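Chemist: Would you mind keeping the following structure in view while I ask a few things?
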Amino acid sequence: MAKRFSVIFIPEGNSKVRRVRIRSGVIKSVLCGCFVVAGLLAFFAYSYFNFTVDRDELQRLRVTTSQQRQTLQYLVVDLEGIHQQMASLAETEARVRQLADLDAVSEGVPVAIGGLPEVGSMEAVDEIQRQIDRLQVEIELRRQSQENVRNLLNDQVSLSRATPKGWPTKGWLTSYFGMRKSPFTGRRVMHEGLDIAANIGTPVVATADGIVARVKYSPGYGKMLIIDHGYGYRTIFGHTSKILVKAGQKIKRGDLIAKVGNTGRSTGSHLHYELRLNGVPIDPRKTL
Ligand SMILES: [Zn+2]
């Protein structure tokens with residue numbers, strides 16, 4: 001490579017041509033300098049660009065964090081509201097259980113979960129999740145308990161509807177439940193029901209919900225009918241003049257089922273009313 005270069009300036013017109021001699025070392029140095037400056041400029045430009053991106057990202061993150069903090073705050077407030085609602089539900093339920101004569105619900109999970117998390121703390125989200133899990137357990141417990149109460153109340157209602165109660169006809173008692181002298185044989189025999197004297201044709205009604213088990217004629221009871229009420233209860237109506245229901249028919253307490261008569265072994269117009277529990281005759285007087 002040549003040691004020197006010449007740069008020639010050729011002006012227009014008549015001026016003299018100029019010639020500048022430059023050593024190759026100087027050219028190399030100038031070129032190197034240019035490269036270094038260009039590199040530095042590129043580095044600074046790149047750094048500035050990165051800085052700007054980071055600053056925007058930081059700004060965005062700050063906004064997001066602030067929004068998340070606010071969301072957490074709302075969640076904590078909601079959670080507190082749910083706790084209060086659960087506590088009020090539990091209180092109502094305890095009163096219902098007391099009314100229904102049920103034991104208090106087993107204390108599996110405390111109703112109120114104290115100590116709501118500090119918003120902004122790292123554990124806040126975990127703690128909220130834990131409390132939501134516990135609330136779900138609590139809700140399930142409440143649901144089961146309420147189902148128990150509902151079932152029990154349903155049972156009580158059906159039992160109450162199936163238990164004979166009240167007079168089967170309008171009349172007056174002429175013969176009680178127990179040992180008595182038979183009007184036919186004169187011997188002491190067990191009278192397994194009540195005799196209610198009433199005019200022929202007086203309406204006879206069911207004393208509880210049930211199903212007509214039998215409708216038949218027997219020499220003793222005359223035109224008779226038996227109603228099965230479930231829970232072991234049966235009622236028997238004898239000496240009727242007319243039976244207005246059929247075997248297998250569903251009936252409700254108060255439904256008209258027959259008319260008072262004088263059929264079978266009877267000494268006058270009356271209704272023979274019998275009540276049996278698990279097949280054993282019991283005194284219906286207590287249920288009138
Ligand atoms: Zn009788």
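Naming scheme: A, B, ... for chains in displayed order of the structure tokens; residues 1 onward per chain; ligands 1 onward as shown.
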Collect all residues with atoms no farther than 6 Å from ligand 1, counting only C-alpha atoms and all ligand atoms, and output them as a list in words.

Modeler: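 The neighbouring residues of ligand 1 are, in order, Gly193, Leu194, Asp195 and His272 of chain A.
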
Chemist: According to DSSP computed on the backbone, where in stretch 44-256 of chain A is there strand (DSSP E or B)? Give the residues as an MDAnalysis selection string.

Modeler: chainID A and resid 172:175 178:181 188:191 194:197 203:205 210:218 222:230 233:240 242:243 250:251 256

Chemist: Which of these residues is nearest to A:Leu102, using only C-alpha atoms: A:Val137, A:Leu89, A:Leu159, A:Leu152?

Modeler: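 So, comparing all the options, the nearest one is A:Leu152.
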
Chemist: May I ask which of the residues A:Met86, A:Ser66, A:Pro203, A:Thr263 is the closest one to A:Leu244, counting only C-alpha atoms?

Modeler: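 Residue with the minimum atom-to-atom distance to A:Leu244: A:Pro203.
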
Chemist: Suppose you want the space between atom CA of A:Leu99 and atom CA of A:Leu277; what is it in Å?

Modeler: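 If I compute the distance from atom CA of A:Leu99 to atom CA of A:Leu277, I get 27.8 Å.
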
Chemist: Can you tell me which residues surround stretch 209-219 of chain A at a distance of at most 9 Å, considering only C-alpha atoms, apart from same-chain residues fewer than 4 positions away, and format the answer as a ChimeraX atom specification?

Modeler: /A:158,161-164,223-230,234,243,245-255,263-265

Chemist: If you keep N, CA and C atoms, can you produce a file of those selected residues as a compact mmCIF listing (two decimals), in the first residue's frame?

Modeler:
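Saved file again_35.txt follows:
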# COMPACT_ATOMS: atom_id res chain seq x y z
N SER A 158 -96.67 -35.16 56.64
CA SER A 158 -97.40 -36.34 56.17
C SER A 158 -97.92 -37.16 57.34
N ARG A 161 -100.94 -35.52 58.64
CA ARG A 161 -102.11 -35.69 57.76
C ARG A 161 -102.63 -37.12 57.80
N ALA A 162 -101.74 -38.08 58.14
CA ALA A 162 -102.15 -39.49 58.13
C ALA A 162 -102.66 -39.95 59.49
N THR A 163 -102.56 -39.07 60.49
CA THR A 163 -103.02 -39.47 61.82
C THR A 163 -104.50 -39.10 61.99
N PRO A 164 -105.37 -40.10 62.24
CA PRO A 164 -106.79 -39.83 62.38
C PRO A 164 -107.08 -38.81 63.47
N LYS A 223 -122.56 -52.82 55.95
CA LYS A 223 -121.78 -52.20 54.87
C LYS A 223 -120.63 -51.46 55.54
N MET A 224 -119.42 -51.99 55.32
CA MET A 224 -118.27 -51.40 56.03
C MET A 224 -117.16 -50.99 55.07
N LEU A 225 -116.30 -50.11 55.58
CA LEU A 225 -115.13 -49.75 54.77
C LEU A 225 -113.93 -49.53 55.67
N ILE A 226 -112.77 -49.89 55.13
CA ILE A 226 -111.51 -49.76 55.88
C ILE A 226 -110.61 -48.81 55.10
N ILE A 227 -110.04 -47.84 55.82
CA ILE A 227 -109.10 -46.90 55.18
C ILE A 227 -107.72 -47.11 55.79
N ASP A 228 -106.73 -47.24 54.91
CA ASP A 228 -105.33 -47.36 55.35
C ASP A 228 -104.69 -45.98 55.25
N HIS A 229 -104.13 -45.51 56.37
CA HIS A 229 -103.54 -44.16 56.40
C HIS A 229 -102.02 -44.18 56.36
N GLY A 230 -101.43 -45.39 56.34
CA GLY A 230 -99.98 -45.44 56.43
C GLY A 230 -99.56 -45.25 57.88
N ARG A 234 -105.14 -47.45 60.67
CA ARG A 234 -106.29 -47.84 59.84
C ARG A 234 -107.55 -47.39 60.56
N ILE A 243 -121.93 -46.59 50.80
CA ILE A 243 -120.50 -46.28 50.74
C ILE A 243 -120.23 -45.55 49.44
N VAL A 245 -117.14 -44.45 48.23
CA VAL A 245 -115.78 -44.55 47.66
C VAL A 245 -115.51 -45.99 47.25
N LYS A 246 -114.43 -46.16 46.47
CA LYS A 246 -114.07 -47.50 46.00
C LYS A 246 -112.73 -47.90 46.57
N ALA A 247 -112.51 -49.21 46.67
CA ALA A 247 -111.21 -49.70 47.15
C ALA A 247 -110.11 -49.16 46.24
N GLY A 248 -109.01 -48.74 46.85
CA GLY A 248 -107.87 -48.22 46.08
C GLY A 248 -107.93 -46.72 45.88
N GLN A 249 -109.07 -46.12 46.24
CA GLN A 249 -109.23 -44.67 46.02
C GLN A 249 -108.45 -43.89 47.07
N LYS A 250 -107.77 -42.83 46.60
CA LYS A 250 -107.03 -41.95 47.51
C LYS A 250 -107.99 -40.95 48.11
N ILE A 251 -107.88 -40.72 49.41
CA ILE A 251 -108.78 -39.74 50.01
C ILE A 251 -108.05 -38.82 50.98
N LYS A 252 -108.67 -37.70 51.21
CA LYS A 252 -108.11 -36.70 52.13
C LYS A 252 -109.01 -36.60 53.35
N ARG A 253 -108.38 -36.10 54.43
CA ARG A 253 -109.18 -35.88 55.64
C ARG A 253 -110.35 -34.95 55.30
N GLY A 254 -111.55 -35.32 55.76
CA GLY A 254 -112.72 -34.48 55.51
C GLY A 254 -113.52 -34.90 54.29
N ASP A 255 -112.95 -35.79 53.45
CA ASP A 255 -113.69 -36.24 52.26
C ASP A 255 -114.91 -37.06 52.68
N THR A 263 -127.07 -51.05 58.93
CA THR A 263 -126.84 -52.36 58.33
C THR A 263 -126.04 -53.25 59.27
N GLY A 264 -126.12 -54.57 59.04
CA GLY A 264 -125.37 -55.52 59.87
C GLY A 264 -126.01 -55.70 61.22
N ARG A 265 -125.22 -56.18 62.21
CA ARG A 265 -125.77 -56.42 63.54
C ARG A 265 -125.83 -55.10 64.29

Chemist: Taking into account only C-alpha atoms, which residue in the set A:Thr174, A:Leu256, A:Gln156, A:Val189 is nearest to A:Gly201?

Modeler: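 Counting only C-alpha atoms, the residue closest to A:Gly201 is A:Leu256.
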
Chemist: Would you list the contacts of A:Thr287 as a list in words, taking every protein, DNA or RNA residue within 10 Å and counting only C-alpha atoms, but skipping same-chain residues closer than 6 positions in sequence?

Modeler: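 Neighbouring residues, sequence-local ones excluded: Thr163, Pro164, Lys165, Gly166, Trp167, Thr207 and Leu275 of chain A.
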
Chemist: Keeping only N, CA and C atoms, take the residues you just selected and write them out as a tab-separated table (two decimals), in the first residue's frame.

Modeler:
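What ended up in part.tsv:
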chain	number	residue	atom	x	y	z
A	163	THR	N	-102.56	-39.07	60.49
A	163	THR	CA	-103.02	-39.47	61.82
A	163	THR	C	-104.50	-39.10	61.99
A	164	PRO	N	-105.37	-40.10	62.24
A	164	PRO	CA	-106.79	-39.83	62.38
A	164	PRO	C	-107.08	-38.81	63.47
A	165	LYS	N	-107.98	-37.89	63.15
A	165	LYS	CA	-108.26	-36.80	64.05
A	165	LYS	C	-109.66	-36.26	63.78
A	166	GLY	N	-110.43	-36.04	64.83
A	166	GLY	CA	-111.75	-35.43	64.68
A	166	GLY	C	-112.87	-36.46	64.57
A	167	TRP	N	-114.09	-35.95	64.53
A	167	TRP	CA	-115.27	-36.80	64.45
A	167	TRP	C	-115.52	-37.26	63.01
A	207	THR	N	-111.17	-39.30	58.57
A	207	THR	CA	-110.56	-38.54	59.65
A	207	THR	C	-109.07	-38.30	59.42
A	275	LEU	N	-110.48	-47.51	65.32
A	275	LEU	CA	-109.14	-47.02	64.96
A	275	LEU	C	-108.13	-48.09	65.37

Chemist: Near A:Arg180, within 10 Å and counting only C-alpha atoms, which residues show up once chain neighbours fewer than 5 positions away are dropped, as a list in words?

Modeler: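 Counting only the stated atoms, we get Ser175, Gly186, Arg187, Arg188, Val189, Met190 and His191 of chain A.
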
Chemist: Could the residues in this selection be written to a file with all heavy atoms, as a compact mmCIF listing (two decimals), in the first residue's frame?

Modeler:
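Dumped to result_20.txt:
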# COMPACT_ATOMS: atom_id res chain seq x y z
N SER A 175 -121.89 -45.57 72.72
CA SER A 175 -121.14 -46.71 73.25
C SER A 175 -119.66 -46.44 73.11
O SER A 175 -119.19 -45.97 72.06
CB SER A 175 -121.54 -47.97 72.48
OG SER A 175 -121.01 -49.09 73.12
N GLY A 186 -125.82 -60.46 75.71
CA GLY A 186 -125.85 -60.17 77.13
C GLY A 186 -124.53 -60.49 77.82
O GLY A 186 -124.34 -60.21 78.99
N ARG A 187 -123.59 -61.08 77.05
CA ARG A 187 -122.30 -61.40 77.64
C ARG A 187 -121.35 -60.20 77.53
O ARG A 187 -121.50 -59.36 76.66
CB ARG A 187 -121.69 -62.62 76.94
CG ARG A 187 -122.25 -63.92 77.46
CD ARG A 187 -121.49 -65.08 76.89
NE ARG A 187 -121.63 -65.13 75.42
CZ ARG A 187 -121.17 -66.13 74.69
NH1 ARG A 187 -120.52 -67.12 75.25
NH2 ARG A 187 -121.34 -66.13 73.38
N ARG A 188 -120.34 -60.17 78.45
CA ARG A 188 -119.36 -59.07 78.39
C ARG A 188 -118.38 -59.36 77.25
O ARG A 188 -117.73 -60.39 77.23
CB ARG A 188 -118.62 -58.95 79.71
CG ARG A 188 -119.47 -58.26 80.77
CD ARG A 188 -118.71 -58.10 82.06
NE ARG A 188 -117.57 -57.17 81.92
CZ ARG A 188 -117.70 -55.85 81.97
NH1 ARG A 188 -118.89 -55.30 82.11
NH2 ARG A 188 -116.65 -55.08 81.88
N VAL A 189 -118.32 -58.45 76.29
CA VAL A 189 -117.38 -58.59 75.18
C VAL A 189 -116.66 -57.26 74.96
O VAL A 189 -117.12 -56.22 75.44
CB VAL A 189 -118.09 -58.99 73.85
CG1 VAL A 189 -118.56 -60.43 73.89
CG2 VAL A 189 -119.22 -58.03 73.55
N MET A 190 -115.57 -57.37 74.26
CA MET A 190 -114.77 -56.16 73.96
C MET A 190 -115.42 -55.40 72.81
O MET A 190 -115.69 -55.96 71.75
CB MET A 190 -113.35 -56.62 73.57
CG MET A 190 -112.41 -55.51 73.20
SD MET A 190 -112.00 -54.50 74.65
CE MET A 190 -111.06 -53.20 73.84
N HIS A 191 -115.68 -54.12 73.04
CA HIS A 191 -116.17 -53.25 71.96
C HIS A 191 -114.96 -52.48 71.45
O HIS A 191 -114.39 -51.65 72.18
CB HIS A 191 -117.26 -52.30 72.48
CG HIS A 191 -117.88 -51.47 71.41
ND1 HIS A 191 -118.03 -50.11 71.50
CD2 HIS A 191 -118.40 -51.83 70.20
CE1 HIS A 191 -118.60 -49.66 70.39
NE2 HIS A 191 -118.85 -50.70 69.59

Chemist: Would you mind listing what lies within 12 Å of A:Tyr74 as a list in words, with only C-alpha atoms counted and same-chain residues fewer than 6 positions away left out?

Modeler: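 Final neighbour list, sorted by chain and number: Gln67, Gln68, Glu80, Gly81, Val119 and Ile128 of chain A.
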